[in-house]
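Participant: What follows is the file data.txt, containing compact mmCIF, C-alpha atoms:
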```
# COMPACT_ATOMS: atom_id res chain seq x y z
CA MET L 447 111.14 80.97 119.42
CA SER L 448 114.70 80.41 120.61
CA ARG L 449 115.82 81.33 124.11
CA ALA L 450 118.09 84.08 122.75
CA SER L 451 115.30 85.72 120.73
CA SER L 452 113.05 85.70 123.81
CA TYR L 453 115.31 88.38 125.28
CA VAL L 454 114.34 90.79 122.48
CA ARG L 455 111.43 93.16 123.01
CA PRO L 456 108.27 91.99 121.21
CA LEU L 457 108.10 95.29 119.32
CA VAL L 458 111.63 94.82 117.97
CA ARG L 459 110.95 91.20 116.96
CA THR L 460 108.17 92.38 114.66
CA LEU L 461 110.05 95.28 113.04
CA HIS L 462 110.75 95.37 109.31
CA PRO L 463 114.01 97.33 108.91
CA TYR L 464 114.76 99.91 106.25
CA VAL L 465 116.14 98.23 103.12
CA PRO L 466 118.91 100.23 101.40
CA GLY L 467 119.76 99.91 97.72
CA GLU L 468 121.91 97.03 96.57
CA GLN L 469 125.65 97.52 97.05
CA PRO L 470 127.90 96.29 94.22
CA LYS L 471 129.57 92.93 94.80
CA ILE L 472 131.14 92.53 91.37
CA LYS L 473 133.38 94.85 89.36
CA ASP L 474 132.32 97.27 86.65
CA LEU L 475 128.73 97.80 87.81
CA VAL L 476 127.20 101.20 87.05
CA LYS L 477 125.59 102.17 90.35
CA LEU L 478 122.44 104.18 89.66
CA ASN L 479 120.33 102.92 92.56
CA THR L 480 121.22 104.97 95.66
CA ASN L 481 121.14 108.60 94.44
CA GLU L 482 124.79 109.30 95.16
CA ASN L 483 126.53 112.25 93.52
CA PRO L 484 128.62 110.84 90.65
CA TYR L 485 131.35 113.42 91.14
CA PRO L 486 133.99 113.36 93.91
CA PRO L 487 134.28 115.92 96.70
CA ALA L 488 136.14 119.13 95.88
CA PRO L 489 139.93 118.66 95.90
CA GLY L 490 140.15 121.01 98.89
CA VAL L 491 137.81 118.76 100.86
CA LEU L 492 139.92 115.68 100.18
CA GLU L 493 143.03 117.61 101.16
CA ALA L 494 141.45 118.75 104.44
CA VAL L 495 140.50 115.19 105.36
CA ARG L 496 143.95 113.83 104.51
CA GLU L 497 145.63 116.50 106.62
CA ALA L 498 143.39 115.60 109.57
CA VAL L 499 144.49 111.96 109.59
CA ASP L 500 147.05 112.46 112.31
CA GLY L 501 147.36 112.29 116.10
CA ARG L 502 143.91 113.83 116.48
CA LEU L 503 142.38 110.43 115.76
CA ARG L 504 142.97 109.49 119.40
CA LEU L 505 140.82 112.43 120.59
CA TYR L 506 137.06 112.83 120.82
CA PRO L 507 135.57 115.21 118.26
CA ASN L 508 133.75 118.39 119.23
CA PRO L 509 130.59 116.98 120.85
CA ALA L 510 128.12 119.40 119.26
CA ALA L 511 130.07 120.08 116.02
CA ASP L 512 130.19 123.75 117.05
CA ALA L 513 132.43 125.00 114.25
CA LEU L 514 130.21 123.36 111.65
CA ARG L 515 127.08 124.78 113.28
CA GLU L 516 128.61 128.26 113.17
CA ALA L 517 129.49 127.90 109.49
CA LEU L 518 126.03 126.62 108.62
CA ALA L 519 124.42 129.42 110.64
CA LYS L 520 126.33 131.92 108.52
CA LEU L 521 125.20 130.15 105.34
CA HIS L 522 121.53 130.07 106.38
CA ARG L 523 121.55 133.48 108.09
CA CYS L 524 120.55 132.22 111.49
CA ARG L 525 122.25 131.38 114.81
CA PRO L 526 124.11 128.22 115.82
CA GLU L 527 121.27 127.66 118.31
CA ASN L 528 119.02 127.06 115.29
CA ILE L 529 121.07 124.05 114.16
CA ILE L 530 121.80 120.50 115.27
CA ILE L 531 124.20 118.20 113.41
CA GLY L 532 123.58 114.48 113.06
CA ASN L 533 125.17 111.28 111.84
CA GLY L 534 123.47 111.77 108.50
CA SER L 535 120.00 113.28 108.23
CA ASP L 536 118.61 109.86 109.19
CA GLU L 537 119.83 110.42 112.74
CA VAL L 538 118.12 113.78 113.14
CA LEU L 539 114.91 112.30 111.71
CA ALA L 540 115.14 109.57 114.35
CA LEU L 541 115.80 112.15 117.07
CA ALA L 542 112.61 113.96 116.06
CA THR L 543 110.55 110.81 116.54
CA ARG L 544 112.00 110.35 120.03
CA ALA L 545 111.65 113.99 121.05
CA PHE L 546 108.18 114.82 119.77
CA VAL L 547 106.10 111.63 119.64
CA GLU L 548 104.92 109.45 122.52
CA PRO L 549 104.74 105.66 122.15
CA ILE L 550 101.24 104.23 122.03
CA GLY L 551 99.74 104.21 125.50
CA LEU L 552 101.97 106.95 126.88
CA GLY L 553 100.47 110.00 125.18
CA LYS L 554 97.63 112.12 126.48
CA ASN L 555 95.71 111.27 123.31
CA ALA L 556 96.11 109.46 119.98
CA ASP L 557 97.37 112.62 118.23
CA ALA L 558 100.36 112.83 120.58
CA GLU L 559 101.20 109.24 119.54
CA THR L 560 100.99 109.82 115.77
CA ILE L 561 103.65 110.16 113.08
CA GLN L 562 102.25 111.29 109.74
CA TYR L 563 103.72 111.24 106.25
CA PHE L 564 102.74 111.10 102.61
CA SER L 565 102.88 107.93 100.61
CA PRO L 566 104.85 107.12 98.64
CA SER L 567 107.80 108.91 100.22
CA TYR L 568 110.97 108.02 102.12
CA SER L 569 110.51 104.45 103.32
CA LEU L 570 112.45 105.17 106.52
CA TYR L 571 109.51 107.10 108.03
CA PRO L 572 107.33 104.06 108.85
CA VAL L 573 110.41 102.28 110.19
CA LEU L 574 111.05 105.18 112.58
CA ALA L 575 107.41 105.12 113.67
CA ASP L 576 107.48 101.37 114.29
CA THR L 577 110.75 101.62 116.21
CA GLN L 578 109.26 104.30 118.46
CA GLY L 579 106.06 102.28 118.86
CA THR L 580 103.83 105.09 117.59
CA ARG L 581 100.74 105.30 115.44
CA LYS L 582 101.28 105.79 111.70
CA ASN L 583 99.13 107.97 109.50
CA SER L 584 100.05 107.51 105.85
CA VAL L 585 98.16 109.64 103.31
CA ARG L 586 98.43 109.07 99.57
CA LEU L 587 99.80 111.71 97.27
CA ASN L 588 98.02 112.33 94.00
CA ALA L 589 98.91 109.94 91.19
CA ASP L 590 101.35 112.51 89.79
CA PHE L 591 103.01 112.88 93.23
CA THR L 592 101.54 116.32 93.84
CA ILE L 593 100.13 117.11 97.30
CA PRO L 594 96.30 116.95 97.39
CA ASP L 595 94.44 120.15 98.21
CA ALA L 596 93.15 120.73 101.74
CA LYS L 597 89.68 119.33 101.09
CA VAL L 598 91.01 116.10 99.56
CA LEU L 599 93.58 115.78 102.35
CA ARG L 600 90.89 115.98 105.02
CA ALA L 601 88.80 113.38 103.21
CA ALA L 602 91.87 111.11 103.02
CA GLY L 603 92.38 111.30 106.78
CA TRP L 604 95.07 113.95 107.05
CA ASN L 605 95.54 114.80 110.74
CA THR L 606 96.34 118.44 111.51
CA LYS L 607 96.93 117.46 115.15
CA ALA L 608 99.55 114.77 114.51
CA ALA L 609 102.55 115.12 116.82
CA LEU L 610 105.03 114.85 113.94
CA THR L 611 104.61 115.16 110.18
CA PHE L 612 107.31 114.29 107.64
CA VAL L 613 107.23 115.88 104.18
CA THR L 614 109.90 114.91 101.66
CA THR L 615 110.45 117.94 99.45
CA PRO L 616 111.32 117.36 96.67
CA ASN L 617 109.55 114.04 96.91
CA ALA L 618 111.35 110.72 96.86
CA PRO L 619 110.86 108.47 95.02
CA GLY L 620 108.68 110.62 92.78
CA GLY L 621 111.10 113.50 92.20
CA ARG L 622 108.31 116.09 92.31
CA GLY L 623 109.19 119.52 93.76
CA TYR L 624 106.77 121.54 95.89
CA ALA L 625 106.27 125.30 96.05
CA VAL L 626 107.31 127.05 99.26
CA GLU L 627 103.91 128.73 99.61
CA GLN L 628 102.15 125.36 99.44
CA LEU L 629 104.46 124.01 102.14
CA ARG L 630 103.92 127.12 104.27
CA THR L 631 100.15 126.65 104.14
CA LEU L 632 100.47 122.96 104.98
CA ALA L 633 102.88 123.52 107.90
CA ALA L 634 100.99 126.48 109.35
CA ALA L 635 97.85 124.35 109.60
CA GLN L 636 99.63 121.69 111.69
CA ARG L 637 99.55 121.79 115.49
CA GLY L 638 102.48 119.41 115.78
CA VAL L 639 106.04 119.52 114.47
CA VAL L 640 106.57 119.44 110.70
CA VAL L 641 109.85 118.16 109.24
CA LEU L 642 110.54 119.31 105.70
CA ASP L 643 113.05 116.74 104.48
CA GLU L 644 115.12 118.54 101.83
CA ALA L 645 117.66 115.85 101.00
CA TYR L 646 117.47 116.67 97.28
CA VAL L 647 116.78 120.39 97.40
CA ASP L 648 120.03 121.44 95.71
CA PHE L 649 118.62 120.03 92.46
CA ALA L 650 115.27 121.84 92.84
CA LYS L 651 113.89 125.21 91.76
CA GLU L 652 113.30 126.50 95.30
CA ASN L 653 113.79 125.57 98.94
CA ALA L 654 111.82 126.05 102.15
CA MET L 655 114.62 127.01 104.54
CA THR L 656 112.86 130.29 105.34
CA LEU L 657 110.00 128.33 106.91
CA ALA L 658 112.34 126.84 109.52
CA LEU L 659 113.10 130.35 110.72
CA GLU L 660 109.57 131.75 110.34
CA LEU L 661 107.34 129.01 111.78
CA PRO L 662 107.99 127.69 115.32
CA ASN L 663 106.86 124.14 114.46
CA VAL L 664 109.01 123.61 111.34
CA LEU L 665 112.33 121.82 111.07
CA VAL L 666 114.16 121.65 107.74
CA ALA L 667 116.41 118.62 107.25
CA ARG L 668 119.48 118.82 105.03
CA THR L 669 122.26 116.37 104.23
CA PHE L 670 125.80 116.51 102.84
CA SER L 671 125.25 113.12 101.15
CA LYS L 672 123.19 113.58 98.00
CA ALA L 673 124.51 116.86 96.64
CA TYR L 674 127.86 117.23 98.40
CA SER L 675 129.45 113.82 97.79
CA LEU L 676 129.91 112.95 101.48
CA CYS L 677 127.74 109.83 101.86
CA PHE L 678 130.76 108.05 103.35
CA GLN L 679 131.07 110.60 106.17
CA ARG L 680 127.37 110.73 107.20
CA ILE L 681 126.65 114.39 107.95
CA GLY L 682 123.12 115.79 108.17
CA TYR L 683 121.40 118.54 110.12
CA PHE L 684 118.20 120.26 111.16
CA VAL L 685 117.48 123.97 111.11
CA GLY L 686 114.63 125.22 113.30
CA SER L 687 113.60 127.15 116.37
CA PRO L 688 116.06 127.10 119.29
CA GLU L 689 113.42 125.45 121.50
CA LEU L 690 113.03 122.46 119.16
CA ILE L 691 116.78 122.21 118.56
CA GLU L 692 117.49 122.28 122.31
CA ALA L 693 115.10 119.37 122.85
CA LEU L 694 116.93 117.35 120.22
CA HIS L 695 120.33 118.12 121.76
CA LYS L 696 119.10 116.68 125.05
CA ILE L 697 118.61 113.22 123.57
CA ARG L 698 121.32 112.94 120.92
CA ASP L 699 124.23 110.61 121.53
CA SER L 700 127.35 112.26 122.89
CA TYR L 701 130.00 112.75 120.18
CA ASN L 702 127.42 111.67 117.61
CA VAL L 703 129.27 113.18 114.62
CA ASN L 704 132.75 111.89 113.80
CA GLY L 705 135.61 114.34 113.60
CA LEU L 706 136.65 113.65 110.02
CA GLY L 707 133.06 114.16 108.95
CA GLN L 708 132.97 117.54 110.67
CA ILE L 709 136.21 118.56 108.94
CA ALA L 710 134.96 117.37 105.54
CA ALA L 711 131.66 119.25 105.91
CA LEU L 712 133.42 122.45 106.99
CA ALA L 713 135.74 122.24 104.00
CA THR L 714 132.76 121.62 101.72
CA LEU L 715 131.22 124.94 102.75
CA LYS L 716 134.41 126.66 101.57
CA HIS L 717 134.09 125.22 98.05
CA LEU L 718 130.41 125.70 97.23
CA SER L 719 131.12 127.00 93.72
CA TYR L 720 132.61 123.61 92.82
CA TYR L 721 129.45 121.80 93.94
CA ARG L 722 127.07 124.27 92.33
CA ALA L 723 128.78 123.64 89.01
CA ASN L 724 128.18 119.92 89.52
CA PHE L 725 124.52 120.55 90.33
CA LYS L 726 124.16 122.21 86.93
CA ARG L 727 125.84 119.24 85.22
CA ILE L 728 123.50 116.81 86.95
CA ILE L 729 120.39 118.85 86.13
CA GLN L 730 121.44 119.12 82.48
CA SER L 731 122.11 115.38 82.34
CA ARG L 732 118.73 114.72 83.98
CA GLN L 733 117.02 116.67 81.22
CA THR L 734 119.03 115.02 78.45
CA VAL L 735 118.45 111.48 79.70
CA SER L 736 114.77 112.12 80.38
CA GLN L 737 114.25 113.25 76.79
CA ALA L 738 116.27 110.33 75.41
CA LEU L 739 114.21 107.82 77.39
CA GLU L 740 110.94 109.47 76.35
CA ASP L 741 112.03 109.17 72.72
CA LEU L 742 112.33 105.41 73.30
CA GLY L 743 108.83 105.08 74.77
CA PHE L 744 109.53 105.59 78.47
CA GLN L 745 107.21 107.76 80.54
CA VAL L 746 109.40 110.02 82.68
CA LEU L 747 107.89 111.99 85.54
CA PRO L 748 108.96 115.60 86.20
CA SER L 749 111.94 115.65 88.57
CA GLU L 750 113.67 118.26 90.74
CA THR L 751 116.11 115.75 92.23
CA ASN L 752 119.24 113.88 91.12
CA PHE L 753 117.14 110.94 89.94
CA ILE L 754 114.19 110.23 87.69
CA LEU L 755 111.18 107.97 88.11
CA THR L 756 110.19 106.34 84.86
CA GLU L 757 107.67 103.81 83.61
CA PRO L 758 109.45 101.65 81.03
CA PRO L 759 107.82 100.28 77.87
CA GLN L 760 107.34 96.75 76.55
CA PHE L 761 107.43 94.81 79.85
CA PRO L 762 107.15 95.36 83.63
CA ALA L 763 109.61 97.50 85.57
CA GLU L 764 110.74 94.58 87.72
CA GLU L 765 111.83 92.73 84.57
CA TRP L 766 113.66 95.84 83.38
CA LEU L 767 115.47 95.86 86.73
CA ARG L 768 116.72 92.34 86.07
CA LYS L 769 117.65 92.97 82.43
CA LEU L 770 119.55 96.15 83.24
CA ARG L 771 121.46 94.30 85.93
CA GLU L 772 122.46 91.72 83.33
CA HIS L 773 123.99 94.68 81.50
CA LYS L 774 125.75 95.67 84.74
CA ILE L 775 123.46 98.64 85.42
CA LEU L 776 121.99 98.93 88.92
CA VAL L 777 118.73 100.88 89.27
CA ARG L 778 116.02 100.78 91.96
CA TRP L 779 112.60 99.14 91.89
CA PHE L 780 110.04 99.25 94.72
CA LYS L 781 107.31 96.72 95.50
CA ASP L 782 104.91 99.40 96.74
CA PRO L 783 101.90 99.20 94.36
CA ALA L 784 101.91 102.99 94.04
CA VAL L 785 105.33 102.90 92.34
CA SER L 786 105.83 99.29 91.28
CA LYS L 787 105.37 100.13 87.60
CA PHE L 788 108.33 102.55 87.75
CA LEU L 789 112.10 102.39 87.91
CA ARG L 790 114.05 104.97 89.88
CA ILE L 791 117.28 105.89 88.10
CA THR L 792 120.01 108.00 89.68
CA ILE L 793 121.59 110.60 87.42
CA GLY L 794 125.21 109.52 87.17
CA SER L 795 128.14 110.93 85.23
CA GLU L 796 127.88 111.52 81.51
CA GLU L 797 129.78 108.27 80.92
CA GLU L 798 127.45 106.31 83.21
CA MET L 799 124.38 107.75 81.51
CA ALA L 800 125.82 106.77 78.14
CA ARG L 801 126.21 103.19 79.38
CA LEU L 802 122.64 103.24 80.66
CA MET L 803 121.31 104.35 77.27
CA GLU L 804 123.40 101.73 75.47
CA ALA L 805 121.91 99.05 77.74
CA VAL L 806 118.36 100.35 77.27
CA LYS L 807 118.71 100.33 73.49
CA ALA L 808 120.21 96.84 73.53
CA ILE L 809 117.33 95.52 75.64
CA LEU L 810 114.73 97.09 73.35
CA ALA L 811 116.51 95.74 70.27
CA SER L 812 116.61 92.26 71.78
CA GLN L 813 112.91 92.49 72.59
CA SER L 814 112.09 93.52 69.03
CA ALA L 815 114.23 90.71 67.60
CA GLY L 816 112.43 88.20 69.82
CA LYS L 817 109.05 89.39 68.57
CA ARG L 818 110.15 89.07 64.92
CA LYS L 819 111.22 85.48 65.48
CA LYS L 820 107.76 84.64 66.80
```
Translate this structure into structure tokens?
Facilitator:
Amino acid sequence: MSRASSYVRPLVRTLHPYVPGEQPKIKDLVKLNTNENPYPPAPGVLEAVREAVDGRLRLYPNPAADALREALAKLHRCRPENIIIGNGSDEVLALATRAFVEPIGLGKNADAETIQYFSPSYSLYPVLADTQGTRKNSVRLNADFTIPDAKVLRAAGWNTKAALTFVTTPNAPGGRGYAVEQLRTLAAAQRGVVVLDEAYVDFAKENAMTLALELPNVLVARTFSKAYSLCFQRIGYFVGSPELIEALHKIRDSYNVNGLGQIAALATLKHLSYYRANFKRIIQSRQTVSQALEDLGFQVLPSETNFILTEPPQFPAEEWLRKLREHKILVRWFKDPAVSKFLRITIGSEEEMARLMEAVKAILASQSAGKRKK
């Protein structure tokens, strides 16, 4: 170990960081690996951001994003005190780990030191737990990505006393949506805080926002990235009881949300009809592409997100990842044994989906030609 690395905390030296999807380094790649919205922000949003690029750049932004909190409170029929804004939903998820979970050795018991989540789900959760130095309790979903019933959960080691439980709803990377009543039953049985991570909820049949305002231990996480075309600006938020939100405000960084991001998010809320039309386009494209892939021998799991998880035919998913990249199509593959036989494919624009299908058909045709030669 070098002298410089000896300065780093042992816990940090052993961390395995979150690995984002590949970013394009060559031209003309179709990027279907990071679940971005294929359509640009509403013209009014772009105009609002351009108009804000002026002398205000020398000033600090509103420290608590008050105007945005007020607008979101109106949208969700609650009070600004029910909302905290973050630098993307990842920041508010990290704040929850710091606010509600003790590092190992500092809690009054093991439950107070435990972060719980389903597997497979968002791969950031174990990273947050490791960074905080907490215990991890990962419980497998059913093979079809549904949540096991209470009896099976208990047998699998589900901990109703865990300090913090993350539930991705709809699930990522599976795409499966969950009924609000099922989530209510799950959250009501927990003694600790439950975060319902609704990053993809705008593409789903229902949402659980009501639970954040009904149950004192529930926080609902939302983001402007996936559905609202603002990945670049990094705006996310929690909705929950004022007591939980106040605790999070105490430990957030000052001026944690940049001013242009606040302006872009505020403008977005004034153009919701534009985005809702795009949601319908994406959902329709999801259905069309799913059927087209199934007709070619792919197994496509039910999805209520802006992506699909599919088991490809003929050869392993990892090989499909490579072959699609040769056709300049980026998709996502995970090493986790629970999902390693699948590809995750973002629903892009109609043109991007057409290029995907052209590549898929070319790969299958090449495979068939190779078999005939043998």
Participant: Quick one: residues within 6 Å of L:Asp557, all atoms listed in the file counted, chain neighbours fewer than 3 positions away excluded, as a ChimeraX atom specification?
Facilitator: /L:560,607-609
Participant: Residues near stretch 658-675 of chain L, anyone? I mean within 8 Å using all atoms listed in the file, not counting same-chain ones fewer than 4 positions away, as a PDB file with C-alpha atoms, in the frame of the given file.
Facilitator:
```pdb
ATOM      1  CA  ASN L 481     121.140 108.600  94.440  1.00  0.00           C
ATOM      2  CA  GLU L 482     124.790 109.300  95.160  1.00  0.00           C
ATOM      3  CA  ASN L 483     126.530 112.250  93.520  1.00  0.00           C
ATOM      4  CA  PRO L 484     128.620 110.840  90.650  1.00  0.00           C
ATOM      5  CA  TYR L 485     131.350 113.420  91.140  1.00  0.00           C
ATOM      6  CA  PRO L 486     133.990 113.360  93.910  1.00  0.00           C
ATOM      7  CA  PRO L 487     134.280 115.920  96.700  1.00  0.00           C
ATOM      8  CA  CYS L 524     120.550 132.220 111.490  1.00  0.00           C
ATOM      9  CA  GLY L 534     123.470 111.770 108.500  1.00  0.00           C
ATOM     10  CA  SER L 535     120.000 113.280 108.230  1.00  0.00           C
ATOM     11  CA  VAL L 538     118.120 113.780 113.140  1.00  0.00           C
ATOM     12  CA  LEU L 539     114.910 112.300 111.710  1.00  0.00           C
ATOM     13  CA  ALA L 633     102.880 123.520 107.900  1.00  0.00           C
ATOM     14  CA  ALA L 634     100.990 126.480 109.350  1.00  0.00           C
ATOM     15  CA  ARG L 637      99.550 121.790 115.490  1.00  0.00           C
ATOM     16  CA  GLY L 638     102.480 119.410 115.780  1.00  0.00           C
ATOM     17  CA  VAL L 639     106.040 119.520 114.470  1.00  0.00           C
ATOM     18  CA  VAL L 640     106.570 119.440 110.700  1.00  0.00           C
ATOM     19  CA  VAL L 641     109.850 118.160 109.240  1.00  0.00           C
ATOM     20  CA  LEU L 642     110.540 119.310 105.700  1.00  0.00           C
ATOM     21  CA  ASP L 643     113.050 116.740 104.480  1.00  0.00           C
ATOM     22  CA  GLU L 644     115.120 118.540 101.830  1.00  0.00           C
ATOM     23  CA  ALA L 645     117.660 115.850 101.000  1.00  0.00           C
ATOM     24  CA  TYR L 646     117.470 116.670  97.280  1.00  0.00           C
ATOM     25  CA  ASP L 648     120.030 121.440  95.710  1.00  0.00           C
ATOM     26  CA  PHE L 649     118.620 120.030  92.460  1.00  0.00           C
ATOM     27  CA  ALA L 654     111.820 126.050 102.150  1.00  0.00           C
ATOM     28  CA  ARG L 680     127.370 110.730 107.200  1.00  0.00           C
ATOM     29  CA  ILE L 681     126.650 114.390 107.950  1.00  0.00           C
ATOM     30  CA  GLY L 682     123.120 115.790 108.170  1.00  0.00           C
ATOM     31  CA  TYR L 683     121.400 118.540 110.120  1.00  0.00           C
ATOM     32  CA  PHE L 684     118.200 120.260 111.160  1.00  0.00           C
ATOM     33  CA  VAL L 685     117.480 123.970 111.110  1.00  0.00           C
ATOM     34  CA  GLY L 686     114.630 125.220 113.300  1.00  0.00           C
ATOM     35  CA  SER L 687     113.600 127.150 116.370  1.00  0.00           C
ATOM     36  CA  LEU L 690     113.030 122.460 119.160  1.00  0.00           C
ATOM     37  CA  ALA L 711     131.660 119.250 105.910  1.00  0.00           C
ATOM     38  CA  THR L 714     132.760 121.620 101.720  1.00  0.00           C
ATOM     39  CA  TYR L 721     129.450 121.800  93.940  1.00  0.00           C
ATOM     40  CA  PHE L 725     124.520 120.550  90.330  1.00  0.00           C
ATOM     41  CA  ASN L 752     119.240 113.880  91.120  1.00  0.00           C
TER      42      ASN L 752
END
```
Participant: List the neighbours of L:Lys774 out to 8 Å using only C-alpha atoms; skip same-chain residues closer than 6 positions along the sequence, and give me the result as an MDAnalysis selection string.
Facilitator: chainID L and resid 474:476
Participant: I want to know what sits within 10 Å of L:Leu478, based on all atoms listed in the file, with residues of the same chain fewer than 2 positions away left out; could you give that as number ranges by chain?
Facilitator: L: 467-468, 475-476, 480-484, 753, 775-778, 790-795, 798-799, 802
Participant: Take the residues that were just selected and, keeping C-alpha atoms, output them as a PDB file, in the frame of the given file.
Facilitator:
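Once everything was written out, this is selection.pdb:
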```pdb
ATOM      1  CA  GLY L 467     119.760  99.910  97.720  1.00  0.00           C
ATOM      2  CA  GLU L 468     121.910  97.030  96.570  1.00  0.00           C
ATOM      3  CA  LEU L 475     128.730  97.800  87.810  1.00  0.00           C
ATOM      4  CA  VAL L 476     127.200 101.200  87.050  1.00  0.00           C
ATOM      5  CA  THR L 480     121.220 104.970  95.660  1.00  0.00           C
ATOM      6  CA  ASN L 481     121.140 108.600  94.440  1.00  0.00           C
ATOM      7  CA  GLU L 482     124.790 109.300  95.160  1.00  0.00           C
ATOM      8  CA  ASN L 483     126.530 112.250  93.520  1.00  0.00           C
ATOM      9  CA  PRO L 484     128.620 110.840  90.650  1.00  0.00           C
ATOM     10  CA  PHE L 753     117.140 110.940  89.940  1.00  0.00           C
ATOM     11  CA  ILE L 775     123.460  98.640  85.420  1.00  0.00           C
ATOM     12  CA  LEU L 776     121.990  98.930  88.920  1.00  0.00           C
ATOM     13  CA  VAL L 777     118.730 100.880  89.270  1.00  0.00           C
ATOM     14  CA  ARG L 778     116.020 100.780  91.960  1.00  0.00           C
ATOM     15  CA  ARG L 790     114.050 104.970  89.880  1.00  0.00           C
ATOM     16  CA  ILE L 791     117.280 105.890  88.100  1.00  0.00           C
ATOM     17  CA  THR L 792     120.010 108.000  89.680  1.00  0.00           C
ATOM     18  CA  ILE L 793     121.590 110.600  87.420  1.00  0.00           C
ATOM     19  CA  GLY L 794     125.210 109.520  87.170  1.00  0.00           C
ATOM     20  CA  SER L 795     128.140 110.930  85.230  1.00  0.00           C
ATOM     21  CA  GLU L 798     127.450 106.310  83.210  1.00  0.00           C
ATOM     22  CA  MET L 799     124.380 107.750  81.510  1.00  0.00           C
ATOM     23  CA  LEU L 802     122.640 103.240  80.660  1.00  0.00           C
TER      24      LEU L 802
END
```
Participant: From the options L:Leu657, L:Val647, L:Val458, L:Val613, which residue's atoms come nearest to L:Gly579, counting all atoms listed in the file?
Facilitator: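 Looking only at the distances to L:Gly579, the closest residue turns out to be L:Val458.
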